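Everything on this sheet refers to the single structure shown next.
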Amino acid sequence: MRVLLTTDTIGGVWTYTRELTEGLLRASVAVALVSFGRLPSEDQLAWCHTVAGRHPALFEYHFSDTPLEWMSDNECVYELGVPLLQRVAREFRADLLHSNQYCFGRFPHGIPRLVTAHSDVISWSKACTSEALEPGRWITTYKTLVQEGLLAADTLVAPTRWMLDALTSTFQVPRRILVVGNGRTISSRRRSTARSMQAVSVGRLWDPAKNLSLLSSLPASVPIFVAGEQRYGEAGIPGLVETFTSLGPLSEEAVLSLFRSSSIYLCTSIYEPFGLAPLEAALCGCAVLANDIPSLREVWGDAARYFADAPTLSFLLEELISNPEELRRCQKQSLRRAQHWTAQRMTSGYMSIYRSLLARGSSASSISRIAEGDLCVA
């Protein structure tokens, strides 16, 4: 099997496709990875070089700085991206396309097309703003790119049922829609230092979806560290934030080290279709405190503590800080739940979908279950 897989280099989609790529390669599935959005970082290029060295006959990487659909300069996203994908598909002899951008669902190469929905601007806007998006060229182009890609795709996948429901409330979608939860692998390492009584969060400070401004309302009863981009264009958290320490963008190893030395992860998001950062933190031993939104309930169940506002979050923090036994119990609960969302489970789910797509004669109902708790068919 030979899979043409698209990604972007900006956020969690890169981590997701990296995990999936490595899982597919372990199963002897050939992968041509193509990234869009920004040129790859040195760390991203280094990972690709390492993987290509381990799997020279199975892996190749191509990149482009063609914008993503949600970016302001989205007018020619499809037209700029398709020629590269066509060339790679032809030279790589791809059996199918797995796109993590909506627009390439209408890729005109005659191979099966799977689209994974990680988020979308419309559901983001509903969650993060009180006003409708202002009509204009950008949002019209975005809606057209998404809708045309979805209508042409053979299968639509999302990491949560919530994300599928959000998408289907706005757009027409393929008849076959599936849920495959994301997965993450964190290497187990002994901590060289004791875990500190501190809380941590990861997210783009400029993104209202991450809701990190909530932390500015908390009393400084425990050190709080936030890793992530501080600005994007003109966007950012206004004013000086004194209740937490902003660390700026960190490398993956630095983020994991921060998780391993912290006790609590704060997931403040008001829009989070899955959430890889809290998953990583829990795998590193943090208790997860999460904003009480449906998607996080779907992912974490009873393994997280939930809050609805700053006072509730402050109360939960104080409770765990003052009760080490309860903190340890919460950390174990979060870890057990995080260990459910494995990269192996995710890879197996996608491979089942790939096989069904390539069978051609399979109906949407022929896969009734990929991995228990990870698949819905509508």
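All residue names refer to the structure tokens as shown: chains lettered A, B, ... in order, residues numbered from 1 in each chain, ligands numbered from 1 in order.
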What lies within 9 Å of Ser28 in chain A using only C-alpha atoms, ignoring chain neighbours under 3 positions off, as a PDB file with N, CA and C atoms, in the first residue's frame?
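What follows is the written file out_5.pdb:
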ATOM      1  N   MET A   1       0.848  -1.196   0.000  1.00  0.00           N
ATOM      2  CA  MET A   1       0.000   0.000   0.000  1.00  0.00           C
ATOM      3  C   MET A   1       0.888   1.252   0.000  1.00  0.00           C
ATOM      4  N   GLY A  23       3.688   4.995  12.324  1.00  0.00           N
ATOM      5  CA  GLY A  23       2.904   3.768  12.480  1.00  0.00           C
ATOM      6  C   GLY A  23       2.717   3.045  11.157  1.00  0.00           C
ATOM      7  N   LEU A  24       2.450   3.790  10.088  1.00  0.00           N
ATOM      8  CA  LEU A  24       2.284   3.171   8.781  1.00  0.00           C
ATOM      9  C   LEU A  24       3.582   2.535   8.295  1.00  0.00           C
ATOM     10  N   LEU A  25       4.691   3.217   8.505  1.00  0.00           N
ATOM     11  CA  LEU A  25       5.979   2.674   8.072  1.00  0.00           C
ATOM     12  C   LEU A  25       6.311   1.391   8.825  1.00  0.00           C
ATOM     13  N   LEU A  58      10.576   3.349   1.604  1.00  0.00           N
ATOM     14  CA  LEU A  58       9.162   3.513   1.943  1.00  0.00           C
ATOM     15  C   LEU A  58       8.744   4.952   2.203  1.00  0.00           C
TER      16      LEU A  58
END
>> Excluding Leu289 in chain A and its own-chain neighbours fewer than 3 positions away, which residues fall within 9 Å of it when counting only C-alpha atoms? Please give them as a VMD selection string.
In response: chain A and resid 264 to 268 278 304 to 307 313 316 to 317
Selection export as a short mmCIF file (atom, residue, chain, number, x, y, z; two decimals), in the first residue's frame, atoms kept: N, CA, C and O atoms:
data_model
loop_
_atom_site.label_atom_id
_atom_site.label_comp_id
_atom_site.auth_asym_id
_atom_site.auth_seq_id
_atom_site.Cartn_x
_atom_site.Cartn_y
_atom_site.Cartn_z
N ILE A 264 0.42 19.53 37.13
CA ILE A 264 -0.94 19.73 36.66
C ILE A 264 -0.92 20.37 35.28
O ILE A 264 -0.12 21.30 35.03
N TYR A 265 -1.79 19.89 34.40
CA TYR A 265 -1.96 20.53 33.09
C TYR A 265 -3.30 21.25 33.06
O TYR A 265 -4.34 20.68 33.42
N LEU A 266 -3.29 22.50 32.60
CA LEU A 266 -4.49 23.32 32.52
C LEU A 266 -4.91 23.42 31.06
O LEU A 266 -4.24 24.07 30.27
N CYS A 267 -6.02 22.79 30.71
CA CYS A 267 -6.55 22.88 29.36
C CYS A 267 -7.72 23.88 29.39
O CYS A 267 -8.84 23.53 29.72
N THR A 268 -7.41 25.11 29.06
CA THR A 268 -8.39 26.20 29.18
C THR A 268 -9.23 26.39 27.92
O THR A 268 -10.10 27.26 27.89
N PRO A 278 -2.88 18.26 26.12
CA PRO A 278 -3.23 17.61 27.38
C PRO A 278 -2.95 16.11 27.36
O PRO A 278 -2.60 15.53 28.41
N ALA A 304 -10.53 13.47 33.88
CA ALA A 304 -10.08 14.86 34.08
C ALA A 304 -11.01 15.52 35.08
O ALA A 304 -12.13 15.06 35.31
N ARG A 305 -10.54 16.60 35.68
CA ARG A 305 -11.39 17.47 36.50
C ARG A 305 -11.80 18.65 35.62
O ARG A 305 -10.98 19.21 34.92
N TYR A 306 -13.07 19.04 35.70
CA TYR A 306 -13.59 20.06 34.79
C TYR A 306 -13.96 21.34 35.53
O TYR A 306 -14.41 21.31 36.67
N PHE A 307 -13.77 22.45 34.82
CA PHE A 307 -14.12 23.76 35.35
C PHE A 307 -14.88 24.55 34.30
O PHE A 307 -14.76 24.29 33.09
N LEU A 313 -11.81 26.87 38.42
CA LEU A 313 -10.46 26.40 38.18
C LEU A 313 -9.58 26.69 39.38
O LEU A 313 -8.78 25.84 39.80
N LEU A 316 -10.29 24.10 42.06
CA LEU A 316 -9.71 22.80 41.76
C LEU A 316 -8.20 22.80 41.97
O LEU A 316 -7.62 21.83 42.50
N LEU A 317 -7.55 23.87 41.55
CA LEU A 317 -6.10 23.98 41.76
C LEU A 317 -5.76 23.92 43.25
O LEU A 317 -4.87 23.18 43.67
#
Could you list, with a cut-off of 9 Å and counting only C-alpha atoms, the residues of range 252-360 of chain A near range 6-13 of chain A, each shown with its nearest atom pair and the distance in Å rounded to one decimal, rows sorted by chain and ascending number, as a tab-separated table?
residue	atom	partner	partner_atom	distance
A:Gly275	CA	A:Gly12	CA	8.3
A:Leu276	CA	A:Gly12	CA	6.8
A:Ala277	CA	A:Gly12	CA	8.3
Taking N, CA, C and O atoms for each residue, export the selection above as a PDB file, in the first residue's frame.
ATOM      1  N   GLY A 275      -7.283  17.733  21.091  1.00  0.00           N
ATOM      2  CA  GLY A 275      -6.347  18.240  22.088  1.00  0.00           C
ATOM      3  C   GLY A 275      -5.175  17.309  22.335  1.00  0.00           C
ATOM      4  O   GLY A 275      -5.240  16.445  23.214  1.00  0.00           O
ATOM      5  N   LEU A 276      -4.086  17.496  21.580  1.00  0.00           N
ATOM      6  CA  LEU A 276      -2.900  16.662  21.777  1.00  0.00           C
ATOM      7  C   LEU A 276      -2.076  17.088  22.974  1.00  0.00           C
ATOM      8  O   LEU A 276      -1.454  16.252  23.639  1.00  0.00           O
ATOM      9  N   ALA A 277      -2.043  18.381  23.286  1.00  0.00           N
ATOM     10  CA  ALA A 277      -1.194  18.848  24.389  1.00  0.00           C
ATOM     11  C   ALA A 277      -1.599  18.247  25.729  1.00  0.00           C
ATOM     12  O   ALA A 277      -0.735  17.760  26.477  1.00  0.00           O
TER      13      ALA A 277
END
>> I want to know what sits within 9 Å of Phe171 in chain A, based on only C-alpha atoms, with residues of the same chain fewer than 5 positions away left out; could you give that as a PyMOL selection string?
In response: chain A and resi 143+146-147+150+166
>> Neighbouring residues of range 333-345 of chain A were defined as those with any atom within 8 Å, considering only C-alpha atoms; residues of the same chain fewer than 4 positions away were excluded. Please report them as a PyMOL selection string.
In response: chain A and resi 19-20+23+181-185+279-280+282-288+300+303-304+329+349+371
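If you measure from each of A:Leu205, A:Leu4, A:Ala27, A:Ala254 to Arg113 in chain A using only C-alpha atoms, the closest one turns out to be A:Leu4.
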Among range 146-301 of chain A, which residues does DSSP mark as alpha helix (DSSP H) when it is run on the backbone? Keep the chain and numbering as in the structure and answer as a PDB file with N, CA and C atoms, in the first residue's frame.
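Full text of out-v4.pdb as output:
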ATOM      1  N   VAL A 146     -13.688  24.360   1.415  1.00  0.00           N
ATOM      2  CA  VAL A 146     -14.083  23.273   2.308  1.00  0.00           C
ATOM      3  C   VAL A 146     -15.219  22.463   1.694  1.00  0.00           C
ATOM      4  N   GLN A 147     -16.271  23.154   1.230  1.00  0.00           N
ATOM      5  CA  GLN A 147     -17.428  22.432   0.712  1.00  0.00           C
ATOM      6  C   GLN A 147     -17.096  21.603  -0.522  1.00  0.00           C
ATOM      7  N   GLU A 148     -16.358  22.153  -1.448  1.00  0.00           N
ATOM      8  CA  GLU A 148     -16.017  21.395  -2.650  1.00  0.00           C
ATOM      9  C   GLU A 148     -15.145  20.189  -2.321  1.00  0.00           C
ATOM     10  N   GLY A 149     -14.220  20.354  -1.387  1.00  0.00           N
ATOM     11  CA  GLY A 149     -13.380  19.236  -0.983  1.00  0.00           C
ATOM     12  C   GLY A 149     -14.165  18.139  -0.303  1.00  0.00           C
ATOM     13  N   LEU A 150     -15.095  18.510   0.575  1.00  0.00           N
ATOM     14  CA  LEU A 150     -15.899  17.514   1.278  1.00  0.00           C
ATOM     15  C   LEU A 150     -16.812  16.752   0.327  1.00  0.00           C
ATOM     16  N   LEU A 151     -17.433  17.432  -0.586  1.00  0.00           N
ATOM     17  CA  LEU A 151     -18.363  16.774  -1.506  1.00  0.00           C
ATOM     18  C   LEU A 151     -17.663  15.779  -2.426  1.00  0.00           C
ATOM     19  N   ALA A 152     -16.402  16.044  -2.741  1.00  0.00           N
ATOM     20  CA  ALA A 152     -15.672  15.164  -3.656  1.00  0.00           C
ATOM     21  C   ALA A 152     -14.954  14.030  -2.933  1.00  0.00           C
ATOM     22  N   ARG A 161     -16.454  12.644  17.777  1.00  0.00           N
ATOM     23  CA  ARG A 161     -17.813  12.758  17.259  1.00  0.00           C
ATOM     24  C   ARG A 161     -18.248  14.229  17.260  1.00  0.00           C
ATOM     25  N   TRP A 162     -17.782  14.975  18.262  1.00  0.00           N
ATOM     26  CA  TRP A 162     -18.140  16.390  18.351  1.00  0.00           C
ATOM     27  C   TRP A 162     -17.685  17.132  17.093  1.00  0.00           C
ATOM     28  N   MET A 163     -16.475  16.852  16.624  1.00  0.00           N
ATOM     29  CA  MET A 163     -15.967  17.546  15.446  1.00  0.00           C
ATOM     30  C   MET A 163     -16.800  17.204  14.219  1.00  0.00           C
ATOM     31  N   LEU A 164     -17.181  15.949  14.071  1.00  0.00           N
ATOM     32  CA  LEU A 164     -18.036  15.574  12.952  1.00  0.00           C
ATOM     33  C   LEU A 164     -19.372  16.308  12.998  1.00  0.00           C
ATOM     34  N   ASP A 165     -19.974  16.346  14.187  1.00  0.00           N
ATOM     35  CA  ASP A 165     -21.263  17.029  14.321  1.00  0.00           C
ATOM     36  C   ASP A 165     -21.139  18.515  14.000  1.00  0.00           C
ATOM     37  N   ALA A 166     -20.053  19.132  14.452  1.00  0.00           N
ATOM     38  CA  ALA A 166     -19.842  20.555  14.177  1.00  0.00           C
ATOM     39  C   ALA A 166     -19.718  20.802  12.682  1.00  0.00           C
ATOM     40  N   LEU A 167     -19.011  19.925  12.007  1.00  0.00           N
ATOM     41  CA  LEU A 167     -18.810  20.098  10.567  1.00  0.00           C
ATOM     42  C   LEU A 167     -20.104  19.864   9.790  1.00  0.00           C
ATOM     43  N   THR A 168     -20.838  18.818  10.166  1.00  0.00           N
ATOM     44  CA  THR A 168     -22.057  18.497   9.426  1.00  0.00           C
ATOM     45  C   THR A 168     -23.176  19.502   9.686  1.00  0.00           C
ATOM     46  N   GLU A 252       9.914  20.505  20.961  1.00  0.00           N
ATOM     47  CA  GLU A 252       9.121  19.395  21.514  1.00  0.00           C
ATOM     48  C   GLU A 252       9.770  18.805  22.752  1.00  0.00           C
ATOM     49  N   GLU A 253      11.070  18.611  22.714  1.00  0.00           N
ATOM     50  CA  GLU A 253      11.758  18.035  23.871  1.00  0.00           C
ATOM     51  C   GLU A 253      11.647  18.942  25.097  1.00  0.00           C
ATOM     52  N   ALA A 254      11.708  20.250  24.866  1.00  0.00           N
ATOM     53  CA  ALA A 254      11.581  21.192  25.975  1.00  0.00           C
ATOM     54  C   ALA A 254      10.178  21.156  26.558  1.00  0.00           C
ATOM     55  N   VAL A 255       9.173  21.029  25.706  1.00  0.00           N
ATOM     56  CA  VAL A 255       7.791  20.941  26.187  1.00  0.00           C
ATOM     57  C   VAL A 255       7.596  19.670  27.007  1.00  0.00           C
ATOM     58  N   LEU A 256       8.089  18.540  26.503  1.00  0.00           N
ATOM     59  CA  LEU A 256       7.944  17.282  27.235  1.00  0.00           C
ATOM     60  C   LEU A 256       8.699  17.333  28.559  1.00  0.00           C
ATOM     61  N   SER A 257       9.846  17.970  28.571  1.00  0.00           N
ATOM     62  CA  SER A 257      10.599  18.133  29.814  1.00  0.00           C
ATOM     63  C   SER A 257       9.800  18.972  30.812  1.00  0.00           C
ATOM     64  N   LEU A 258       9.141  20.015  30.304  1.00  0.00           N
ATOM     65  CA  LEU A 258       8.289  20.851  31.157  1.00  0.00           C
ATOM     66  C   LEU A 258       7.142  20.031  31.738  1.00  0.00           C
ATOM     67  N   PHE A 259       6.527  19.197  30.925  1.00  0.00           N
ATOM     68  CA  PHE A 259       5.442  18.335  31.410  1.00  0.00           C
ATOM     69  C   PHE A 259       5.946  17.395  32.497  1.00  0.00           C
ATOM     70  N   ARG A 260       7.108  16.801  32.259  1.00  0.00           N
ATOM     71  CA  ARG A 260       7.631  15.814  33.220  1.00  0.00           C
ATOM     72  C   ARG A 260       8.008  16.435  34.554  1.00  0.00           C
ATOM     73  N   LEU A 276      -4.086  17.496  21.580  1.00  0.00           N
ATOM     74  CA  LEU A 276      -2.900  16.662  21.777  1.00  0.00           C
ATOM     75  C   LEU A 276      -2.076  17.088  22.974  1.00  0.00           C
ATOM     76  N   ALA A 277      -2.043  18.381  23.286  1.00  0.00           N
ATOM     77  CA  ALA A 277      -1.194  18.848  24.389  1.00  0.00           C
ATOM     78  C   ALA A 277      -1.599  18.247  25.729  1.00  0.00           C
ATOM     79  N   PRO A 278      -2.883  18.259  26.122  1.00  0.00           N
ATOM     80  CA  PRO A 278      -3.235  17.608  27.382  1.00  0.00           C
ATOM     81  C   PRO A 278      -2.946  16.112  27.365  1.00  0.00           C
ATOM     82  N   LEU A 279      -3.078  15.486  26.200  1.00  0.00           N
ATOM     83  CA  LEU A 279      -2.745  14.061  26.099  1.00  0.00           C
ATOM     84  C   LEU A 279      -1.266  13.838  26.384  1.00  0.00           C
ATOM     85  N   GLU A 280      -0.419  14.665  25.797  1.00  0.00           N
ATOM     86  CA  GLU A 280       1.021  14.553  26.046  1.00  0.00           C
ATOM     87  C   GLU A 280       1.343  14.802  27.509  1.00  0.00           C
ATOM     88  N   ALA A 281       0.711  15.806  28.095  1.00  0.00           N
ATOM     89  CA  ALA A 281       0.980  16.132  29.499  1.00  0.00           C
ATOM     90  C   ALA A 281       0.587  14.974  30.408  1.00  0.00           C
ATOM     91  N   ALA A 282      -0.566  14.370  30.142  1.00  0.00           N
ATOM     92  CA  ALA A 282      -1.008  13.248  30.969  1.00  0.00           C
ATOM     93  C   ALA A 282      -0.070  12.058  30.828  1.00  0.00           C
ATOM     94  N   LEU A 283       0.414  11.811  29.606  1.00  0.00           N
ATOM     95  CA  LEU A 283       1.371  10.717  29.409  1.00  0.00           C
ATOM     96  C   LEU A 283       2.678  10.982  30.137  1.00  0.00           C
ATOM     97  N   PRO A 294     -17.912  19.890  25.401  1.00  0.00           N
ATOM     98  CA  PRO A 294     -18.264  18.517  25.017  1.00  0.00           C
ATOM     99  C   PRO A 294     -17.125  17.702  24.421  1.00  0.00           C
ATOM    100  N   SER A 295     -16.291  18.320  23.600  1.00  0.00           N
ATOM    101  CA  SER A 295     -15.219  17.551  22.966  1.00  0.00           C
ATOM    102  C   SER A 295     -14.216  17.032  23.990  1.00  0.00           C
ATOM    103  N   LEU A 296     -13.899  17.842  24.990  1.00  0.00           N
ATOM    104  CA  LEU A 296     -12.960  17.376  26.016  1.00  0.00           C
ATOM    105  C   LEU A 296     -13.604  16.318  26.909  1.00  0.00           C
ATOM    106  N   ARG A 297     -14.897  16.428  27.167  1.00  0.00           N
ATOM    107  CA  ARG A 297     -15.613  15.368  27.880  1.00  0.00           C
ATOM    108  C   ARG A 297     -15.546  14.058  27.100  1.00  0.00           C
ATOM    109  N   GLU A 298     -15.675  14.167  25.770  1.00  0.00           N
ATOM    110  CA  GLU A 298     -15.630  12.973  24.924  1.00  0.00           C
ATOM    111  C   GLU A 298     -14.266  12.298  24.998  1.00  0.00           C
ATOM    112  N   VAL A 299     -13.212  13.077  25.009  1.00  0.00           N
ATOM    113  CA  VAL A 299     -11.858  12.521  25.023  1.00  0.00           C
ATOM    114  C   VAL A 299     -11.478  12.004  26.407  1.00  0.00           C
ATOM    115  N   TRP A 300     -11.825  12.756  27.453  1.00  0.00           N
ATOM    116  CA  TRP A 300     -11.292  12.467  28.776  1.00  0.00           C
ATOM    117  C   TRP A 300     -12.267  11.756  29.717  1.00  0.00           C
TER     118      TRP A 300
END
Show me, as a compact mmCIF listing (two decimals) with N, CA, C and O atoms, in the first residue's frame, the residues that have an atom within 12 Å of Ser251 in chain A when counting only C-alpha atoms, minus same-chain residues fewer than 6 positions from it.
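Result saved to around-v4.txt:
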# COMPACT_ATOMS: atom_id res chain seq x y z
N SER A 41 10.49 23.57 9.78
CA SER A 41 11.54 24.00 10.70
C SER A 41 12.72 23.05 10.61
O SER A 41 12.65 21.97 10.01
N GLU A 42 13.82 23.43 11.26
CA GLU A 42 14.99 22.56 11.28
C GLU A 42 14.67 21.23 11.95
O GLU A 42 15.11 20.17 11.50
N ASP A 43 13.88 21.28 13.05
CA ASP A 43 13.50 20.04 13.74
C ASP A 43 12.64 19.16 12.85
O ASP A 43 12.80 17.93 12.84
N GLN A 44 11.73 19.76 12.11
CA GLN A 44 10.87 18.97 11.23
C GLN A 44 11.68 18.34 10.10
O GLN A 44 11.48 17.16 9.76
N VAL A 202 -0.13 24.67 27.26
CA VAL A 202 0.51 24.89 25.97
C VAL A 202 -0.53 25.41 24.99
O VAL A 202 -1.64 24.88 24.91
N ALA A 227 3.62 27.61 27.41
CA ALA A 227 4.51 27.52 26.25
C ALA A 227 3.68 27.70 24.98
O ALA A 227 2.61 27.12 24.84
N GLY A 228 4.19 28.51 24.05
CA GLY A 228 3.48 28.69 22.78
C GLY A 228 3.73 30.05 22.18
O GLY A 228 4.25 30.97 22.84
N GLU A 229 3.39 30.18 20.92
CA GLU A 229 3.57 31.45 20.21
C GLU A 229 2.83 32.57 20.92
O GLU A 229 1.69 32.41 21.34
N SER A 257 9.85 17.97 28.57
CA SER A 257 10.60 18.13 29.81
C SER A 257 9.80 18.97 30.81
O SER A 257 9.78 18.68 32.02
N LEU A 258 9.14 20.02 30.30
CA LEU A 258 8.29 20.85 31.16
C LEU A 258 7.14 20.03 31.74
O LEU A 258 6.82 20.15 32.93
> What residues in range 27-233 of chain A get the DSSP label strand (DSSP E)? Please answer as an MDAnalysis selection string.
Replying inline: chainID A and resid 30:36 59:63 96:99 113:116 155:158 177:179 199:202 224:227 231:232
>> For Glu69 in chain A, find every residue with an atom within 12 Å (counting only C-alpha atoms), except residues of its own chain fewer than 5 positions away, and show them as JSON, numbers by chain.
In response: {"A": [8, 36, 37, 74, 75, 76, 77, 78, 79, 80, 81, 100, 101, 102, 103, 104, 119, 120, 121, 138, 139, 140, 141, 142, 143, 144, 145, 146, 147, 149]}
Can I get the selected residues back with C-alpha atoms, as a PDB file, in the first residue's frame?
ATOM      1  CA  ASP A   8       0.875  21.289   7.714  1.00  0.00           C
ATOM      2  CA  PHE A  36       1.839  23.046   3.360  1.00  0.00           C
ATOM      3  CA  GLY A  37       1.451  26.290   5.305  1.00  0.00           C
ATOM      4  CA  ASN A  74      -6.289  31.582   0.655  1.00  0.00           C
ATOM      5  CA  GLU A  75      -7.513  32.574  -2.802  1.00  0.00           C
ATOM      6  CA  CYS A  76      -5.245  30.195  -4.765  1.00  0.00           C
ATOM      7  CA  VAL A  77      -4.645  27.493  -2.160  1.00  0.00           C
ATOM      8  CA  TYR A  78      -6.036  24.660  -4.268  1.00  0.00           C
ATOM      9  CA  GLU A  79      -4.511  25.791  -7.563  1.00  0.00           C
ATOM     10  CA  LEU A  80      -1.067  26.187  -5.987  1.00  0.00           C
ATOM     11  CA  GLY A  81      -1.128  22.908  -4.075  1.00  0.00           C
ATOM     12  CA  ASN A 100      -5.460  16.839   6.188  1.00  0.00           C
ATOM     13  CA  GLN A 101      -6.643  19.864   4.222  1.00  0.00           C
ATOM     14  CA  TYR A 102     -10.262  19.938   3.094  1.00  0.00           C
ATOM     15  CA  CYS A 103      -9.717  21.333  -0.398  1.00  0.00           C
ATOM     16  CA  PHE A 104      -7.694  18.385  -1.643  1.00  0.00           C
ATOM     17  CA  SER A 119     -10.936  21.820  13.027  1.00  0.00           C
ATOM     18  CA  ASP A 120     -12.703  24.406  10.919  1.00  0.00           C
ATOM     19  CA  VAL A 121     -13.120  28.163  10.913  1.00  0.00           C
ATOM     20  CA  TRP A 138     -11.698  35.376   2.517  1.00  0.00           C
ATOM     21  CA  ILE A 139     -14.569  33.589   4.256  1.00  0.00           C
ATOM     22  CA  THR A 140     -16.403  32.971   0.974  1.00  0.00           C
ATOM     23  CA  THR A 141     -13.273  31.388  -0.481  1.00  0.00           C
ATOM     24  CA  TYR A 142     -12.777  29.332   2.685  1.00  0.00           C
ATOM     25  CA  LYS A 143     -16.335  27.965   2.611  1.00  0.00           C
ATOM     26  CA  THR A 144     -16.035  27.109  -1.070  1.00  0.00           C
ATOM     27  CA  LEU A 145     -12.713  25.308  -0.589  1.00  0.00           C
ATOM     28  CA  VAL A 146     -14.083  23.273   2.308  1.00  0.00           C
ATOM     29  CA  GLN A 147     -17.428  22.432   0.712  1.00  0.00           C
ATOM     30  CA  GLY A 149     -13.380  19.236  -0.983  1.00  0.00           C
TER      31      GLY A 149
END
> Between A:Gly248, A:Arg2, A:Met351, A:Pro108, which has the minimum distance to Trp206 in chain A (counting only C-alpha atoms)?
Replying inline: A:Gly248
>> List the spatial neighbours of range 218-226 of chain A as a PyMOL selection string - criterion: any atom at most 8 Å away, only C-alpha atoms, same-chain residues fewer than 3 positions off excluded.
In response: chain A and resi 197-203+214-215+243-248+310-311+314+318
> Quick one, how far is CA of Leu39 in chain A from CA of Gln230 in chain A?
Replying inline: 19.5 Å
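In this comparison, which uses only C-alpha atoms, the residue of A:Ala52, A:Ala158, A:Ile122, A:Ala153 approaching Thr170 in chain A most closely is A:Ile122.
Closest approach to Ala89 in chain A among A:Ala127, A:Val3, A:Met71, A:Ala57 is made by A:Val3 (distances from only C-alpha atoms).
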